[in-house]
Each structure stands twice: as C-alpha cells, then as structure tokens.
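Have a look at coords-v7.pdb below; it lists PDB, C-alpha atoms.
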```
ATOM      1  CA  MET A   1       0.000   0.000   0.000  1.00  0.00           C
ATOM      2  CA  ASP A   2       1.472   3.361  -0.934  1.00  0.00           C
ATOM      3  CA  GLU A   3       2.127   6.016   1.689  1.00  0.00           C
ATOM      4  CA  ASN A   4      -0.587   8.366   0.423  1.00  0.00           C
ATOM      5  CA  LEU A   5      -3.267   5.682   0.770  1.00  0.00           C
ATOM      6  CA  LYS A   6      -1.937   4.723   4.215  1.00  0.00           C
ATOM      7  CA  LYS A   7      -2.198   8.347   5.282  1.00  0.00           C
ATOM      8  CA  ILE A   8      -5.783   8.617   4.034  1.00  0.00           C
ATOM      9  CA  LEU A   9      -6.911   5.346   5.598  1.00  0.00           C
ATOM     10  CA  SER A  10      -5.154   6.080   8.889  1.00  0.00           C
ATOM     11  CA  LYS A  11      -7.847   8.721   9.381  1.00  0.00           C
ATOM     12  CA  ASP A  12     -10.619   6.157   8.950  1.00  0.00           C
ATOM     13  CA  PRO A  13     -12.613   6.453  12.190  1.00  0.00           C
ATOM     14  CA  ASP A  14     -14.703   3.291  11.889  1.00  0.00           C
ATOM     15  CA  GLY A  15     -13.903   1.252   8.778  1.00  0.00           C
ATOM     16  CA  LEU A  16     -16.255   2.942   6.331  1.00  0.00           C
ATOM     17  CA  LEU A  17     -13.469   4.663   4.376  1.00  0.00           C
ATOM     18  CA  THR A  18     -11.608   1.375   4.018  1.00  0.00           C
ATOM     19  CA  TYR A  19     -14.770  -0.473   3.016  1.00  0.00           C
ATOM     20  CA  GLU A  20     -15.530   2.190   0.414  1.00  0.00           C
ATOM     21  CA  TYR A  21     -11.983   1.968  -0.913  1.00  0.00           C
ATOM     22  CA  ILE A  22     -12.335  -1.792  -1.333  1.00  0.00           C
ATOM     23  CA  ALA A  23     -15.718  -1.442  -3.035  1.00  0.00           C
ATOM     24  CA  ASN A  24     -14.547   1.333  -5.360  1.00  0.00           C
ATOM     25  CA  HIS A  25     -11.243  -0.350  -6.255  1.00  0.00           C
ATOM     26  CA  ILE A  26     -12.189  -4.031  -6.224  1.00  0.00           C
ATOM     27  CA  ASN A  27     -10.594  -4.606  -9.633  1.00  0.00           C
ATOM     28  CA  SER A  28      -7.237  -3.206  -8.563  1.00  0.00           C
ATOM     29  CA  CYS A  29      -6.843  -3.782  -4.811  1.00  0.00           C
ATOM     30  CA  TYR A  30      -6.153  -7.524  -4.642  1.00  0.00           C
ATOM     31  CA  GLU A  31      -2.428  -6.975  -4.079  1.00  0.00           C
ATOM     32  CA  ILE A  32      -3.096  -4.843  -0.984  1.00  0.00           C
ATOM     33  CA  ILE A  33      -6.229  -6.559   0.344  1.00  0.00           C
ATOM     34  CA  ASP A  34      -4.351  -7.849   3.412  1.00  0.00           C
ATOM     35  CA  ASP A  35      -3.273  -4.302   4.296  1.00  0.00           C
ATOM     36  CA  LEU A  36      -6.815  -3.059   3.804  1.00  0.00           C
ATOM     37  CA  VAL A  37      -8.191  -5.830   6.004  1.00  0.00           C
ATOM     38  CA  ASP A  38      -5.548  -5.045   8.656  1.00  0.00           C
ATOM     39  CA  ASN A  39      -6.626  -1.407   8.631  1.00  0.00           C
ATOM     40  CA  MET A  40     -10.294  -2.286   8.893  1.00  0.00           C
ATOM     41  CA  ILE A  41      -9.629  -4.677  11.771  1.00  0.00           C
ATOM     42  CA  THR A  42      -7.761  -1.903  13.572  1.00  0.00           C
ATOM     43  CA  VAL A  43     -10.370   0.834  13.172  1.00  0.00           C
ATOM     44  CA  ASP A  44     -13.742  -0.953  13.196  1.00  0.00           C
ATOM     45  CA  LYS A  45     -14.604  -1.133  16.883  1.00  0.00           C
ATOM     46  CA  ASN A  46     -17.976  -2.919  16.630  1.00  0.00           C
ATOM     47  CA  GLY A  47     -17.619  -5.131  13.552  1.00  0.00           C
ATOM     48  CA  GLN A  48     -20.158  -3.381  11.340  1.00  0.00           C
ATOM     49  CA  PHE A  49     -17.863  -2.773   8.375  1.00  0.00           C
ATOM     50  CA  LEU A  50     -15.952  -5.998   8.914  1.00  0.00           C
ATOM     51  CA  VAL A  51     -19.222  -7.855   8.330  1.00  0.00           C
ATOM     52  CA  SER A  52     -20.089  -5.680   5.337  1.00  0.00           C
ATOM     53  CA  ALA A  53     -16.679  -6.248   3.768  1.00  0.00           C
ATOM     54  CA  ALA A  54     -16.873 -10.013   4.336  1.00  0.00           C
ATOM     55  CA  ARG A  55     -20.290 -10.141   2.700  1.00  0.00           C
ATOM     56  CA  TYR A  56     -19.125  -7.983  -0.202  1.00  0.00           C
ATOM     57  CA  LEU A  57     -15.966  -9.986  -0.881  1.00  0.00           C
ATOM     58  CA  THR A  58     -17.963 -13.226  -0.708  1.00  0.00           C
ATOM     59  CA  ALA A  59     -20.353 -11.888  -3.329  1.00  0.00           C
ATOM     60  CA  ILE A  60     -17.482 -10.747  -5.558  1.00  0.00           C
ATOM     61  CA  ASP A  61     -15.277 -13.854  -5.409  1.00  0.00           C
ATOM     62  CA  ARG A  62     -15.398 -16.176  -2.404  1.00  0.00           C
ATOM     63  CA  GLU A  63     -12.417 -18.263  -3.531  1.00  0.00           C
ATOM     64  CA  LYS A  64     -10.112 -15.405  -4.448  1.00  0.00           C
ATOM     65  CA  TYR A  65     -10.724 -13.526  -1.203  1.00  0.00           C
ATOM     66  CA  SER A  66     -11.157 -16.523   1.110  1.00  0.00           C
ATOM     67  CA  SER A  67      -8.293 -15.594   3.427  1.00  0.00           C
ATOM     68  CA  ALA A  68      -9.439 -11.983   3.759  1.00  0.00           C
ATOM     69  CA  ILE A  69     -13.036 -13.090   4.302  1.00  0.00           C
ATOM     70  CA  SER A  70     -11.999 -15.488   7.043  1.00  0.00           C
ATOM     71  CA  ARG A  71      -9.986 -12.794   8.837  1.00  0.00           C
ATOM     72  CA  LEU A  72     -12.810 -10.273   8.550  1.00  0.00           C
ATOM     73  CA  ILE A  73     -15.320 -12.738   9.981  1.00  0.00           C
ATOM     74  CA  ALA A  74     -13.044 -13.794  12.842  1.00  0.00           C
ATOM     75  CA  SER A  75     -12.486 -10.170  13.819  1.00  0.00           C
ATOM     76  CA  ALA A  76     -16.173  -9.331  13.521  1.00  0.00           C
ATOM     77  CA  ILE A  77     -16.999 -12.171  15.899  1.00  0.00           C
ATOM     78  CA  GLU A  78     -14.627 -10.688  18.476  1.00  0.00           C
ATOM     79  CA  LYS A  79     -15.823  -7.117  18.091  1.00  0.00           C
ATOM     80  CA  ASP A  80     -19.585  -7.544  17.692  1.00  0.00           C
ATOM     81  CA  ARG A  81     -20.296  -8.290  21.339  1.00  0.00           C
ATOM     82  CA  GLU A  82     -23.954  -7.281  21.052  1.00  0.00           C
ATOM     83  CA  HIS A  83     -24.482  -9.546  18.015  1.00  0.00           C
ATOM     84  CA  ARG A  84     -25.844  -6.708  15.898  1.00  0.00           C
ATOM     85  CA  TYR A  85     -24.028  -7.658  12.719  1.00  0.00           C
ATOM     86  CA  ILE A  86     -22.627 -11.190  12.808  1.00  0.00           C
ATOM     87  CA  GLY A  87     -26.054 -12.772  12.387  1.00  0.00           C
ATOM     88  CA  ASP A  88     -26.142 -11.362   8.854  1.00  0.00           C
ATOM     89  CA  LEU A  89     -23.178 -13.554   7.984  1.00  0.00           C
ATOM     90  CA  LEU A  90     -24.952 -16.884   8.408  1.00  0.00           C
ATOM     91  CA  GLN A  91     -27.043 -16.629   5.243  1.00  0.00           C
ATOM     92  CA  SER A  92     -24.667 -14.338   3.354  1.00  0.00           C
ATOM     93  CA  ILE A  93     -21.630 -16.551   3.759  1.00  0.00           C
ATOM     94  CA  TRP A  94     -23.030 -20.050   4.250  1.00  0.00           C
ATOM     95  CA  GLY A  95     -26.283 -19.792   2.277  1.00  0.00           C
ATOM     96  CA  ALA A  96     -29.992 -19.586   2.990  1.00  0.00           C
ATOM     97  CA  ASP A  97     -30.034 -23.316   3.690  1.00  0.00           C
ATOM     98  CA  TYR A  98     -27.277 -23.231   6.329  1.00  0.00           C
ATOM     99  CA  THR A  99     -29.648 -24.746   8.916  1.00  0.00           C
ATOM    100  CA  GLU A 100     -29.835 -27.896   6.802  1.00  0.00           C
ATOM    101  CA  HIS A 101     -26.052 -28.293   7.135  1.00  0.00           C
ATOM    102  CA  LEU A 102     -25.510 -27.375  10.787  1.00  0.00           C
ATOM    103  CA  ASP A 103     -23.535 -30.465  11.767  1.00  0.00           C
ATOM    104  CA  GLU A 104     -21.277 -30.269   8.732  1.00  0.00           C
ATOM    105  CA  LEU A 105     -20.670 -26.533   9.107  1.00  0.00           C
ATOM    106  CA  ASN A 106     -20.100 -26.748  12.857  1.00  0.00           C
ATOM    107  CA  SER A 107     -17.465 -29.430  12.373  1.00  0.00           C
ATOM    108  CA  SER A 108     -15.729 -27.941   9.345  1.00  0.00           C
ATOM    109  CA  ASP A 109     -15.813 -24.151   9.758  1.00  0.00           C
ATOM    110  CA  ASP A 110     -14.529 -22.526  12.920  1.00  0.00           C
ATOM    111  CA  ASN A 111     -16.004 -19.113  12.106  1.00  0.00           C
ATOM    112  CA  PHE A 112     -19.431 -20.626  11.487  1.00  0.00           C
ATOM    113  CA  ARG A 113     -19.254 -22.586  14.732  1.00  0.00           C
ATOM    114  CA  ARG A 114     -18.244 -19.506  16.716  1.00  0.00           C
ATOM    115  CA  ILE A 115     -21.024 -17.339  15.277  1.00  0.00           C
ATOM    116  CA  TYR A 116     -23.650 -20.033  15.657  1.00  0.00           C
ATOM    117  CA  LYS A 117     -22.631 -20.716  19.240  1.00  0.00           C
ATOM    118  CA  ARG A 118     -22.844 -17.006  20.097  1.00  0.00           C
ATOM    119  CA  LEU A 119     -26.218 -16.508  18.469  1.00  0.00           C
ATOM    120  CA  TYR A 120     -27.776 -19.811  19.496  1.00  0.00           C
ATOM    121  CA  PRO A 121     -26.062 -21.080  22.647  1.00  0.00           C
ATOM    122  CA  LYS A 122     -28.835 -23.660  23.146  1.00  0.00           C
ATOM    123  CA  GLY A 123     -29.423 -24.376  19.446  1.00  0.00           C
ATOM    124  CA  ILE A 124     -32.322 -23.283  17.278  1.00  0.00           C
TER     125      ILE A 124
END
```

Here is the file; what I need is its structure written in the form of structure tokens.
Amino acid sequence: MDENLKKILSKDPDGLLTYEYIANHINSCYEIIDDLVDNMITVDKNGQFLVSAARYLTAIDREKYSSAISRLIASAIEKDREHRYIGDLLQSIWGADYTEHLDELNSSDDNFRRIYKRLYPKGI
C-alpha cells in the first residue's frame, strides 16, 4: 500500500473509508487486500464494516478472497459483542439453507461454529 493511501486510511474512524476503498477499487486492490483488512480490523470497533466487507468480498469472489473473508469474519466475531451484525453472515456466507447443514458446518468451519454458538447457545 502506498504512503498516500496509508495516510488517508489512517484517518478512517470506523472502517467505512476502508470499506468504500475496497468497493470502489475491487478490480485493482487484490495486491493490498491484506493491508486493507488489517486497517479495517484496527479501526472498526464494533464489527459493522468488517461484516459488510466479508459479505461484499464473498459476493465478488469467495475463492479469491477466502483468506481476507476469514480474517474479517473472525475479527467481527470478536468485536460484535452485542451480536448486531454477525447474524447477517450466516445466510450471506453459508447460504440460505445453512440450517440444513448445521452439523457439517459446525465441524468444518470454525467461524461458522463460533457465530452459531454465540447466536444460538442452546441451538435453534
């Protein structure tokens, strides 16, 4: 990431500027996506834009951005203590039929298991 962009994004108060940068430069930011994710993790205090970015990158190219998506989700789980945003990830990331695959997802995907356990500590 060049110094000018670092300077601009260092003033990001909550992650929105970084999210907007990703959305507006999706065709040219792959090389710096890890830096952008690092910045968003640093500045987003409640997970709102972490969740939005994870959903966006999943819609764009789940395979290509899998590492970034995983990091965004893991950080959102930690920061969204009131569970305002992480619930949106269940359908967005794992599909509308995620409830039909609970056992498989719980055993194979740590982020899914962590979100599900937080939202439904006693199950659905």

- Task: Any chance you could resolve the PyMOL selection byres ((chain A and resi 75-83) around 6) against this file and give the residues as a PyMOL selection string?
- Result: chain A and resi 46-47+50+72-74+84-86

The selected residues should be written to file as a PDB file, in the coordinates of the input (atoms: C-alpha atoms).
```pdb
ATOM      1  CA  ASN A  46     -17.976  -2.919  16.630  1.00  0.00           C
ATOM      2  CA  GLY A  47     -17.619  -5.131  13.552  1.00  0.00           C
ATOM      3  CA  LEU A  50     -15.952  -5.998   8.914  1.00  0.00           C
ATOM      4  CA  LEU A  72     -12.810 -10.273   8.550  1.00  0.00           C
ATOM      5  CA  ILE A  73     -15.320 -12.738   9.981  1.00  0.00           C
ATOM      6  CA  ALA A  74     -13.044 -13.794  12.842  1.00  0.00           C
ATOM      7  CA  ARG A  84     -25.844  -6.708  15.898  1.00  0.00           C
ATOM      8  CA  TYR A  85     -24.028  -7.658  12.719  1.00  0.00           C
ATOM      9  CA  ILE A  86     -22.627 -11.190  12.808  1.00  0.00           C
TER      10      ILE A  86
END
```

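Of the listed residues (A:His101, A:Gly87, A:Ser66, A:Ser92), A:Gly87 comes nearest to Lys117 in chain A; the distances count all atoms listed in the file.
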
- Considering all atoms listed in the file, return as a list of chain:residue names whatever protein or nucleic-acid residues lie within 12 Å of range 5-14 of chain A, sequence-local ones (same chain, fewer than 4 positions apart) excluded.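 Non-adjacent residues within range: A:Met1, A:Thr18, A:Tyr19, A:Glu20, A:Tyr21, A:Ile22, A:Cys29, A:Ile32, A:Asp35, A:Leu36, A:Val37, A:Asp38, A:Asn39, A:Met40, A:Ile41, A:Thr42, A:Val43, A:Asp44, A:Lys45, A:Asn46, A:Gly47, A:Gln48, A:Phe49, A:Leu50.
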
Can you write out the residues you just picked, keeping C-alpha atoms, as a short mmCIF file (atom, residue, chain, number, x, y, z; two decimals), in the frame of the given file?
```
data_model
loop_
_atom_site.label_atom_id
_atom_site.label_comp_id
_atom_site.auth_asym_id
_atom_site.auth_seq_id
_atom_site.Cartn_x
_atom_site.Cartn_y
_atom_site.Cartn_z
CA MET A 1 0.00 0.00 0.00
CA THR A 18 -11.61 1.38 4.02
CA TYR A 19 -14.77 -0.47 3.02
CA GLU A 20 -15.53 2.19 0.41
CA TYR A 21 -11.98 1.97 -0.91
CA ILE A 22 -12.34 -1.79 -1.33
CA CYS A 29 -6.84 -3.78 -4.81
CA ILE A 32 -3.10 -4.84 -0.98
CA ASP A 35 -3.27 -4.30 4.30
CA LEU A 36 -6.82 -3.06 3.80
CA VAL A 37 -8.19 -5.83 6.00
CA ASP A 38 -5.55 -5.04 8.66
CA ASN A 39 -6.63 -1.41 8.63
CA MET A 40 -10.29 -2.29 8.89
CA ILE A 41 -9.63 -4.68 11.77
CA THR A 42 -7.76 -1.90 13.57
CA VAL A 43 -10.37 0.83 13.17
CA ASP A 44 -13.74 -0.95 13.20
CA LYS A 45 -14.60 -1.13 16.88
CA ASN A 46 -17.98 -2.92 16.63
CA GLY A 47 -17.62 -5.13 13.55
CA GLN A 48 -20.16 -3.38 11.34
CA PHE A 49 -17.86 -2.77 8.38
CA LEU A 50 -15.95 -6.00 8.91
#
```

- Task: For CA of Tyr30 in chain A and CA of Ile69 in chain A, quote the distance in Å rounded to one decimal.
- Result: 12.6 Å

- Query: Given the choices A:Ile33, A:Leu89, A:Tyr116, A:Glu63, which gets closest to Asp103 in chain A if the distance is worked out from all atoms listed in the file?
  - Reply: A:Tyr116

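Distances here use only C-alpha atoms; by that measure, the residue among A:Ser107, A:Ser28, A:Asn4, A:Gln91 closest to Thr58 in chain A is A:Gln91.
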
- Item | Residue nearest Lys64 in chain A - candidates A:Asp110, A:Glu31, A:Glu104, A:Asp2, atoms counted: only C-alpha atoms |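 Result for the nearest residue to Lys64 in chain A: A:Glu31.
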
- Pick from A:Leu119, A:Ile93, A:Ile26, A:Leu17 nearest to Val51 in chain A, counting all atoms listed in the file: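 Selected residue with least distance to Val51 in chain A: A:Ile93.
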
- Å distance separating CA of Tyr56 in chain A from CA of Ile115 in chain A, one decimal place: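 Distance reported for this atom pair: 18.2 Å.
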
Let me have the centre and edge lengths in Å, one decimal, of the box along x, y and z around every listed atom of range 41-51 of chain A with 3 Å of margin on each side, as JSON.
```
{"center_x": -14.0, "center_y": -3.5, "center_z": 12.6, "size_x": 18.4, "size_y": 14.7, "size_z": 14.6}
```

- CA of Ala23 in chain A to CA of Leu90 in chain A measures 21.3 Å
